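Chemist: Let me give you the structure first, and then I'll get to my questions.
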Amino acid sequence: MKVSLNWLKDFIELKEGSNVISEILTDTGLEVEGLEKFEEIEGGLEGLVIGEVLTCEKHPDADKLSLTTVDIGADEPSPIVCGAPNVAKGQKVVVATVGATLYPEGGESFKIKKAKIRGQVSLGMICAEDEIGLGQSHDGIMVLDTDLPNGTPARDYFKPETDTVIEIGLTPNRADGASHYGVARDLKAAFRRPTTFPDLSSFKVDNQSNPVEVVVENFDACPRFSGLTISNLTIKESPKWLKNRLKSIGLAPINNVVDITNYVLHGLGQPLHAYDMAEVKGKIVVKTLPNGTKFTTLDEKERELTDKDLMVCNAEDGMCIGGVFGGINSGVKDSTKAIFLEAAYFSADWARNTATRHSIKTDASFRFERGTDPNMTVHALKYAAILIKELADGEISSDLIDIYPEPIADFEIDVKYKNIDRLIGKQVPHDRIKEILEDLDIAVSNESEEGFKTTVPPYRVDVTREADVIEEILRIYGYNNVELEENYGADYLAAFPTPDKDKIQSKTTDFLAAQGFNEIISNSLTNPDYVTKTGLWDEKLNVEVLNKLSEELGVMRQTMVFSGLESLKYNINRKQTNLKFFEFGRVYTSEEGQYKEHEQLAVFLTGEQMDESWNVDKKSTDFYNISSTVHKILDKFSIVEFDSVPTNNPVFDYGLDISKDGQLLVSIGKVNRKVQKIAEVTQDVFYAEFNWAKMLKKYGKKILYKPVPKFPEVRRDLSLVIDEQVNFQQIMELAKKESRKLVKRINVFSVYQGESIGEGKKSYALSFILQDENKTLNDKAIDKTMKGLIACFERDLNAIIRK
């Protein structure tokens, strides 16, 4: 949720900076996830100044260009070539100086550079309004009527609004914070500073020229329904201040009436809906319609209603899905002259079920699903009506209708001081407790030595128990103000020392980052088509999402490969082709009626091994790069002896499974072409999939050291022609088995496939490093070892030794 700092100041006086306010909000439970700068004019007119045209002559080599000199407050006038037909001597103009970046309306930004235009030097640019984002006109340059000195920054003349936008990660229980006024209420308690509510004293009914009958048939779904009519409207563009308010939080202005309903929604937290009175035929009825009724919403989608979907109807048809989404025909249009303005309190259960059933997420449903303030409808309605009269020349043409047969009562909760002390872990002064609660609009009464009674307003849907009241006290008092004890004890026995999985993960992250990998975090929800279209996984194992956000996010992932491939695709499409990614995450399956989740570490490699350079030959990433990374991670875990066999994992074209003590730790290999095709990744991808839970169980803290051998190594090379199905791992296993003591390392330094060695064959050039730790090797021992290796390769791999 985005909150404008300027807008917030309409409700509470704030002298503190945005960083301090962000810290306070986070401490009170409205976690701030980021701060953004909003500029009414992109770039903030940086580098633009007011100048005066001193001379203006025709360009000798271009009929439509003029040569000007412009005083921009510098030591000397600036020569500028200008193509505008209206440029003339004596004008005050806006000049973009050399180095300034312009953000034209509807175009790409560009930087002003020193230039020569048809042989004439030009040091800057005299600007039209569309070139600096001030409007649409490009008929000519802007001519200003001002006495400001030459060289004055243009922002001092135009005074574009700037703002700080606070991004709040609103948790589902904090429906009360889903507005600027709601955020101000938390700051009121934190700063002990009053809030200001909009002045409603000017509200009055102008006449009774356009009354409308309202009938509510379902009070369970709609406990309160308020509304009025406003006639003789002029639908037009909103004023600058209102558009800036909406733009700052990411909303696009539409017209004055719709913008006001959005402004009140995000300001006070009460959703409003404006109906074109031309579509209100006879009366307004709040009811459900029969199963199967067709209704077309504002997004032009026809939806099939159920008898559990609350509708706001006219005498003939549905006009709006109550609290969720308006209809395509009943909304405000350019031709609208009168509206019925609705402010209702809809049941959270009904709104949530309908929004989920139809996969609709709107600003209104977001709030109604969590619970709005039943006491806000009339206040919001009056505020919106005052603004519409002011900005749309309307007149209130009916009495304010407020149907509320059973008012929702406040919550009364008994609280004991001993429970406050016990749950907080500290004795908070009783006067401070009362101050906090009263600042949060929670009344305190019947106080005694043991405790007191609280009266909680119904907009605090999350405060219904004694523990909830205590949580309110603690979050405003401050978690950081509860001191921690110096000594801690445990009332249970556990293995010591127990490996800290978070520290292990952090160390692994640091290691991979040092190797040039970037960490990604992806969604656990994924597209069911990945499983269906590849045919490599069992659809029956899918964990389906009941209230899915979209069909593309309909199941929990069975594998992490597609999450990584999506990130690779995103970067490759933006010309970033040499990529090294890793991700810690979970995969999910449904087996025998039970849901299971498994922790994994996924590692991805694709592209070239090194970025392009004059002194390094291009070489594509291959299996041995991913294998090397995997073996280094195993070394970090002190897993030194393990078994490797060709993998049967369907995600790979080829690869290896690495196991220890019969437990599969990791699978590595080249990603299956069919999998890559589904994910729309064309370049080869190498992938490693760790079973992270089993890796943690095998983690060993002990690092084994041994002295460096005193005796020298010996290298011998062999060239083998083998079947293309034979992999390097098989060669390595055979070599170790044949000469375990002397062969220390094996390396492939050349691979070849071609007509000269035959179809289905490949050639490996291998280097063998031999060493005896107790003595210097002689030729006899070396030759015996190499002959043994040659014999086993010929026998077990049908290899041909090239000499």
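Naming works like this for the structure tokens: A, B, ... for the chains as they're shown, residue 1 at the start of each chain, ligands 1 onward in shown order.
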Please provide the set of residues having any atom within 7 Å of range 313-329 of chain A, restricted to only C-alpha atoms, with same-chain residues fewer than 5 positions apart removed, written as a count of residues only.

Modeler: 18

Chemist: Among range 381-605 of chain A, which residues does DSSP mark as strand (DSSP E or B) when it is run on the backbone? Keep the chain and numbering as in the structure and answer as a PyMOL selection string.

Modeler: chain A and resi 395-396+401-403+411-416+443-445+451-456+518-519+525-526+543-544+555-556+579-591+594-605

Chemist: Under the rule that only C-alpha atoms are counted, which of A:Phe203, A:Trp7, A:Phe110, A:Phe711 is the nearest residue to Val183 in chain A?

Modeler: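 Closest to Val183 in chain A, using only C-alpha atoms: A:Trp7.
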
Chemist: Please provide as JSON, numbers by chain all residues within 9 Å of Leu664 in chain A, with the sequence filter that same-chain residues fewer than 5 positions apart are discarded (counting only C-alpha atoms).

Modeler: {"A": [657, 658, 659, 690, 691, 694]}

Chemist: Using only C-alpha atoms, which residues sit within 8 Å of Asp259 in chain A once same-chain residues fewer than 3 positions away are excluded, as a list in words?

Modeler: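 The contact residues come out as Ser238, Leu242, Lys243, Leu246, Pro253, Ile254, Asn255, Asn256, Asn262 and Tyr263 of chain A.
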
Chemist: Selection from above, N, CA, C and O atoms, as a PDB file, in the first residue's frame, can you write it?

Modeler:
```pdb
ATOM      1  N   SER A 238      -9.762  16.748 -13.523  1.00  0.00           N
ATOM      2  CA  SER A 238      -9.559  17.163 -12.133  1.00  0.00           C
ATOM      3  C   SER A 238      -8.495  18.251 -12.041  1.00  0.00           C
ATOM      4  O   SER A 238      -7.617  18.360 -12.919  1.00  0.00           O
ATOM      5  N   LEU A 242      -5.475  17.476  -7.095  1.00  0.00           N
ATOM      6  CA  LEU A 242      -6.128  16.177  -6.955  1.00  0.00           C
ATOM      7  C   LEU A 242      -5.420  15.126  -7.815  1.00  0.00           C
ATOM      8  O   LEU A 242      -5.193  13.983  -7.378  1.00  0.00           O
ATOM      9  N   LYS A 243      -5.047  15.507  -9.016  1.00  0.00           N
ATOM     10  CA  LYS A 243      -4.331  14.562  -9.886  1.00  0.00           C
ATOM     11  C   LYS A 243      -2.994  14.170  -9.270  1.00  0.00           C
ATOM     12  O   LYS A 243      -2.595  13.003  -9.330  1.00  0.00           O
ATOM     13  N   LEU A 246      -3.420  11.515  -6.521  1.00  0.00           N
ATOM     14  CA  LEU A 246      -3.659  10.166  -7.038  1.00  0.00           C
ATOM     15  C   LEU A 246      -2.421   9.610  -7.731  1.00  0.00           C
ATOM     16  O   LEU A 246      -2.055   8.441  -7.550  1.00  0.00           O
ATOM     17  N   PRO A 253      -5.470   9.471 -12.947  1.00  0.00           N
ATOM     18  CA  PRO A 253      -6.680  10.292 -12.914  1.00  0.00           C
ATOM     19  C   PRO A 253      -7.601   9.979 -14.092  1.00  0.00           C
ATOM     20  O   PRO A 253      -7.122   9.696 -15.196  1.00  0.00           O
ATOM     21  N   ILE A 254      -8.922  10.032 -13.853  1.00  0.00           N
ATOM     22  CA  ILE A 254      -9.900   9.712 -14.898  1.00  0.00           C
ATOM     23  C   ILE A 254     -10.771  10.929 -15.194  1.00  0.00           C
ATOM     24  O   ILE A 254     -10.747  11.472 -16.291  1.00  0.00           O
ATOM     25  N   ASN A 255     -11.574  11.349 -14.235  1.00  0.00           N
ATOM     26  CA  ASN A 255     -12.327  12.597 -14.330  1.00  0.00           C
ATOM     27  C   ASN A 255     -12.618  13.064 -12.915  1.00  0.00           C
ATOM     28  O   ASN A 255     -12.352  12.351 -11.943  1.00  0.00           O
ATOM     29  N   ASN A 256     -13.168  14.258 -12.786  1.00  0.00           N
ATOM     30  CA  ASN A 256     -13.288  14.857 -11.457  1.00  0.00           C
ATOM     31  C   ASN A 256     -14.120  14.016 -10.493  1.00  0.00           C
ATOM     32  O   ASN A 256     -13.745  13.853  -9.322  1.00  0.00           O
ATOM     33  N   ASN A 262     -12.054   8.050  -5.589  1.00  0.00           N
ATOM     34  CA  ASN A 262     -10.777   7.402  -5.279  1.00  0.00           C
ATOM     35  C   ASN A 262     -10.015   8.165  -4.199  1.00  0.00           C
ATOM     36  O   ASN A 262      -9.348   7.579  -3.340  1.00  0.00           O
ATOM     37  N   TYR A 263     -10.118   9.477  -4.243  1.00  0.00           N
ATOM     38  CA  TYR A 263      -9.440  10.322  -3.247  1.00  0.00           C
ATOM     39  C   TYR A 263      -9.992  10.065  -1.849  1.00  0.00           C
ATOM     40  O   TYR A 263      -9.233   9.910  -0.877  1.00  0.00           O
TER      41      TYR A 263
END
```

Chemist: Using only C-alpha atoms, which protein or nucleic acid residues come within 10 Å of range 15-30 of chain A? Drop anything in the same chain fewer than 3 positions from it, and give the result as a JSON list (two decimals) with N, CA, C and O atoms, in the first residue's frame.

Modeler:
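Saved result, part16.json, follows:
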```json
[["chain", "number", "residue", "atom", "x", "y", "z"],
["A", 5, "LEU", "N", 3.31, 11.24, 1.67],
["A", 5, "LEU", "CA", 3.66, 12.01, 2.86],
["A", 5, "LEU", "C", 2.93, 13.35, 2.87],
["A", 5, "LEU", "O", 2.44, 13.80, 3.91],
["A", 9, "LYS", "N", 0.03, 14.56, 5.69],
["A", 9, "LYS", "CA", 0.10, 15.80, 6.48],
["A", 9, "LYS", "C", -1.23, 16.54, 6.51],
["A", 9, "LYS", "O", -1.40, 17.49, 7.30],
["A", 12, "ILE", "N", -2.45, 14.95, 9.93],
["A", 12, "ILE", "CA", -1.67, 15.09, 11.16],
["A", 12, "ILE", "C", -0.45, 15.96, 10.87],
["A", 12, "ILE", "O", 0.14, 15.88, 9.80],
["A", 33, "GLU", "N", 8.23, -0.81, 3.68],
["A", 33, "GLU", "CA", 9.08, -1.63, 2.82],
["A", 33, "GLU", "C", 9.96, -0.80, 1.89],
["A", 33, "GLU", "O", 10.86, -1.32, 1.26],
["A", 34, "GLY", "N", 9.66, 0.49, 1.78],
["A", 34, "GLY", "CA", 10.49, 1.32, 0.91],
["A", 34, "GLY", "C", 9.97, 2.73, 0.84],
["A", 34, "GLY", "O", 8.83, 3.03, 1.19],
["A", 35, "LEU", "N", 10.84, 3.63, 0.38],
["A", 35, "LEU", "CA", 10.50, 5.04, 0.16],
["A", 35, "LEU", "C", 10.78, 5.38, -1.29],
["A", 35, "LEU", "O", 11.79, 4.96, -1.85],
["A", 164, "THR", "N", 7.19, 12.42, -1.05],
["A", 164, "THR", "CA", 7.79, 11.15, -0.67],
["A", 164, "THR", "C", 6.66, 10.14, -0.51],
["A", 164, "THR", "O", 5.68, 10.41, 0.21],
["A", 165, "VAL", "N", 6.79, 9.01, -1.16],
["A", 165, "VAL", "CA", 5.77, 7.97, -1.10],
["A", 165, "VAL", "C", 6.30, 6.83, -0.24],
["A", 165, "VAL", "O", 7.39, 6.31, -0.47],
["A", 166, "ILE", "N", 5.51, 6.47, 0.77],
["A", 166, "ILE", "CA", 5.89, 5.41, 1.71],
["A", 166, "ILE", "C", 5.17, 4.13, 1.31],
["A", 166, "ILE", "O", 3.94, 4.11, 1.21],
["A", 167, "GLU", "N", 5.94, 3.08, 1.07],
["A", 167, "GLU", "CA", 5.37, 1.77, 0.70],
["A", 167, "GLU", "C", 5.23, 0.94, 1.98],
["A", 167, "GLU", "O", 6.21, 0.61, 2.63],
["A", 168, "ILE", "N", 3.97, 0.63, 2.33],
["A", 168, "ILE", "CA", 3.70, -0.12, 3.55],
["A", 168, "ILE", "C", 3.25, -1.53, 3.20],
["A", 168, "ILE", "O", 2.37, -1.72, 2.36],
["A", 169, "GLY", "N", 3.89, -2.52, 3.80],
["A", 169, "GLY", "CA", 3.47, -3.91, 3.63],
["A", 169, "GLY", "C", 2.34, -4.21, 4.60],
["A", 169, "GLY", "O", 2.58, -4.70, 5.71],
["A", 170, "LEU", "N", 1.12, -3.89, 4.21],
["A", 170, "LEU", "CA", -0.03, -3.99, 5.12],
["A", 170, "LEU", "C", -0.40, -5.45, 5.34],
["A", 170, "LEU", "O", -0.70, -6.18, 4.40],
["A", 171, "THR", "N", -0.38, -5.86, 6.59],
["A", 171, "THR", "CA", -0.76, -7.23, 6.92],
["A", 171, "THR", "C", -2.29, -7.35, 6.94],
["A", 171, "THR", "O", -2.99, -6.36, 7.18],
["A", 174, "ARG", "N", -4.53, -5.66, 9.70],
["A", 174, "ARG", "CA", -4.52, -4.22, 9.93],
["A", 174, "ARG", "C", -5.37, -3.48, 8.92],
["A", 174, "ARG", "O", -4.92, -2.55, 8.24],
["A", 177, "GLY", "N", -5.50, 0.33, 8.94],
["A", 177, "GLY", "CA", -4.41, 1.13, 8.39],
["A", 177, "GLY", "C", -4.46, 1.29, 6.89],
["A", 177, "GLY", "O", -3.52, 1.81, 6.30],
["A", 178, "ALA", "N", -5.57, 0.87, 6.26],
["A", 178, "ALA", "CA", -5.64, 0.87, 4.80],
["A", 178, "ALA", "C", -6.09, 2.21, 4.23],
["A", 178, "ALA", "O", -6.89, 2.27, 3.29],
["A", 183, "VAL", "N", -3.38, 5.51, 8.77],
["A", 183, "VAL", "CA", -1.96, 5.61, 9.11],
["A", 183, "VAL", "C", -1.75, 6.77, 10.09],
["A", 183, "VAL", "O", -0.96, 6.67, 11.04],
["A", 184, "ALA", "N", -2.47, 7.88, 9.86],
["A", 184, "ALA", "CA", -2.34, 9.03, 10.75],
["A", 184, "ALA", "C", -2.77, 8.68, 12.18],
["A", 184, "ALA", "O", -2.21, 9.20, 13.15],
["A", 186, "ASP", "N", -2.28, 5.86, 13.72],
["A", 186, "ASP", "CA", -1.14, 5.23, 14.39],
["A", 186, "ASP", "C", -0.09, 6.26, 14.79],
["A", 186, "ASP", "O", 0.50, 6.19, 15.87],
["A", 187, "LEU", "N", 0.16, 7.23, 13.90],
["A", 187, "LEU", "CA", 1.14, 8.26, 14.23],
["A", 187, "LEU", "C", 0.64, 9.15, 15.37],
["A", 187, "LEU", "O", 1.43, 9.66, 16.17],
["A", 189, "ALA", "N", -0.97, 8.11, 17.97],
["A", 189, "ALA", "CA", -0.63, 7.41, 19.20],
["A", 189, "ALA", "C", 0.87, 7.41, 19.45],
["A", 189, "ALA", "O", 1.34, 7.52, 20.60],
["A", 190, "ALA", "N", 1.66, 7.29, 18.37],
["A", 190, "ALA", "CA", 3.11, 7.21, 18.53],
["A", 190, "ALA", "C", 3.70, 8.56, 18.93],
["A", 190, "ALA", "O", 4.60, 8.64, 19.78],
["A", 191, "PHE", "N", 3.20, 9.65, 18.30],
["A", 191, "PHE", "CA", 3.74, 10.99, 18.57],
["A", 191, "PHE", "C", 2.95, 11.74, 19.65],
["A", 191, "PHE", "O", 3.34, 12.82, 20.05],
["A", 472, "GLU", "N", -1.86, -4.08, 21.32],
["A", 472, "GLU", "CA", -1.96, -2.67, 20.96],
["A", 472, "GLU", "C", -1.10, -1.82, 21.89],
["A", 472, "GLU", "O", -0.40, -0.90, 21.44],
["A", 473, "ILE", "N", -1.15, -2.13, 23.17],
["A", 473, "ILE", "CA", -0.32, -1.39, 24.14],
["A", 473, "ILE", "C", 1.16, -1.56, 23.81],
["A", 473, "ILE", "O", 1.92, -0.59, 23.76],
["A", 474, "LEU", "N", 1.56, -2.79, 23.53],
["A", 474, "LEU", "CA", 2.98, -3.09, 23.31],
["A", 474, "LEU", "C", 3.50, -2.46, 22.03],
["A", 474, "LEU", "O", 4.61, -1.91, 22.01],
["A", 475, "ARG", "N", 2.72, -2.50, 20.96],
["A", 475, "ARG", "CA", 3.25, -1.98, 19.68],
["A", 475, "ARG", "C", 3.45, -0.46, 19.73],
["A", 475, "ARG", "O", 4.35, 0.07, 19.07],
["A", 476, "ILE", "N", 2.62, 0.23, 20.50],
["A", 476, "ILE", "CA", 2.82, 1.68, 20.63],
["A", 476, "ILE", "C", 3.87, 1.98, 21.71],
["A", 476, "ILE", "O", 4.70, 2.88, 21.54],
["A", 477, "TYR", "N", 3.86, 1.24, 22.79],
["A", 477, "TYR", "CA", 4.89, 1.43, 23.82],
["A", 477, "TYR", "C", 6.28, 1.18, 23.24],
["A", 477, "TYR", "O", 7.24, 1.88, 23.54],
["A", 478, "GLY", "N", 6.36, 0.18, 22.34],
["A", 478, "GLY", "CA", 7.61, -0.08, 21.64],
["A", 478, "GLY", "C", 8.27, -1.37, 22.06],
["A", 478, "GLY", "O", 8.61, -1.53, 23.24],
["A", 479, "TYR", "N", 8.40, -2.29, 21.11],
["A", 479, "TYR", "CA", 9.08, -3.56, 21.41],
["A", 479, "TYR", "C", 10.52, -3.30, 21.86],
["A", 479, "TYR", "O", 11.06, -4.02, 22.71],
["A", 480, "ASN", "N", 11.13, -2.26, 21.30],
["A", 480, "ASN", "CA", 12.52, -1.97, 21.65],
["A", 480, "ASN", "C", 12.67, -1.42, 23.06],
["A", 480, "ASN", "O", 13.78, -1.33, 23.58]]
```

Chemist: Quick one: distance from CA of Pro457 in chain A to CA of Asp410 in chain A in Å, one decimal?

Modeler: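 That distance, rounded to one decimal, is 4.9 Å.
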
Chemist: Applying 9 Å and only C-alpha atoms, which residues near Leu718 in chain A remain after dropping the ones on its own chain fewer than 5 positions away? List them as a list in words.

Modeler: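 Result of the neighbour search: Tyr764, Ala765, Leu766, Ser767, Phe768, Met786, Ile790, Ile801, Arg802 and Lys803 of chain A.
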
Chemist: Show me, as a count of residues only, the residues that have an atom within 12 Å of Tyr624 in chain A when counting only C-alpha atoms, minus same-chain residues fewer than 6 positions from it.

Modeler: 18

Chemist: For a test of reading the model, state the distance in Å between CA of Glu738 in chain A and CA of Val721 in chain A, rounded to one decimal.

Modeler: 19.2 Å

Chemist: By how many Å are CA of Pro271 in chain A and CA of Leu310 in chain A apart?

Modeler: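 Distance reported for this atom pair: 15.8 Å.
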
Chemist: Hey, which of A:Ala380, A:Glu447, A:Leu265, A:Lys677 ends up closest to Lys533 in chain A? Count only C-alpha atoms.

Modeler: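 Nearest candidate to Lys533 in chain A out of A:Ala380, A:Glu447, A:Leu265, A:Lys677: A:Lys677.
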
Chemist: Between A:Asp334, A:Asn648, A:Leu387, A:Glu435, which one has atoms that come closest to Pro198 in chain A, using only C-alpha atoms?

Modeler: A:Leu387

Chemist: Range 195-426 of chain A: which residues are helix (DSSP H, G or I) by DSSP, as a count of residues only?

Modeler: 67
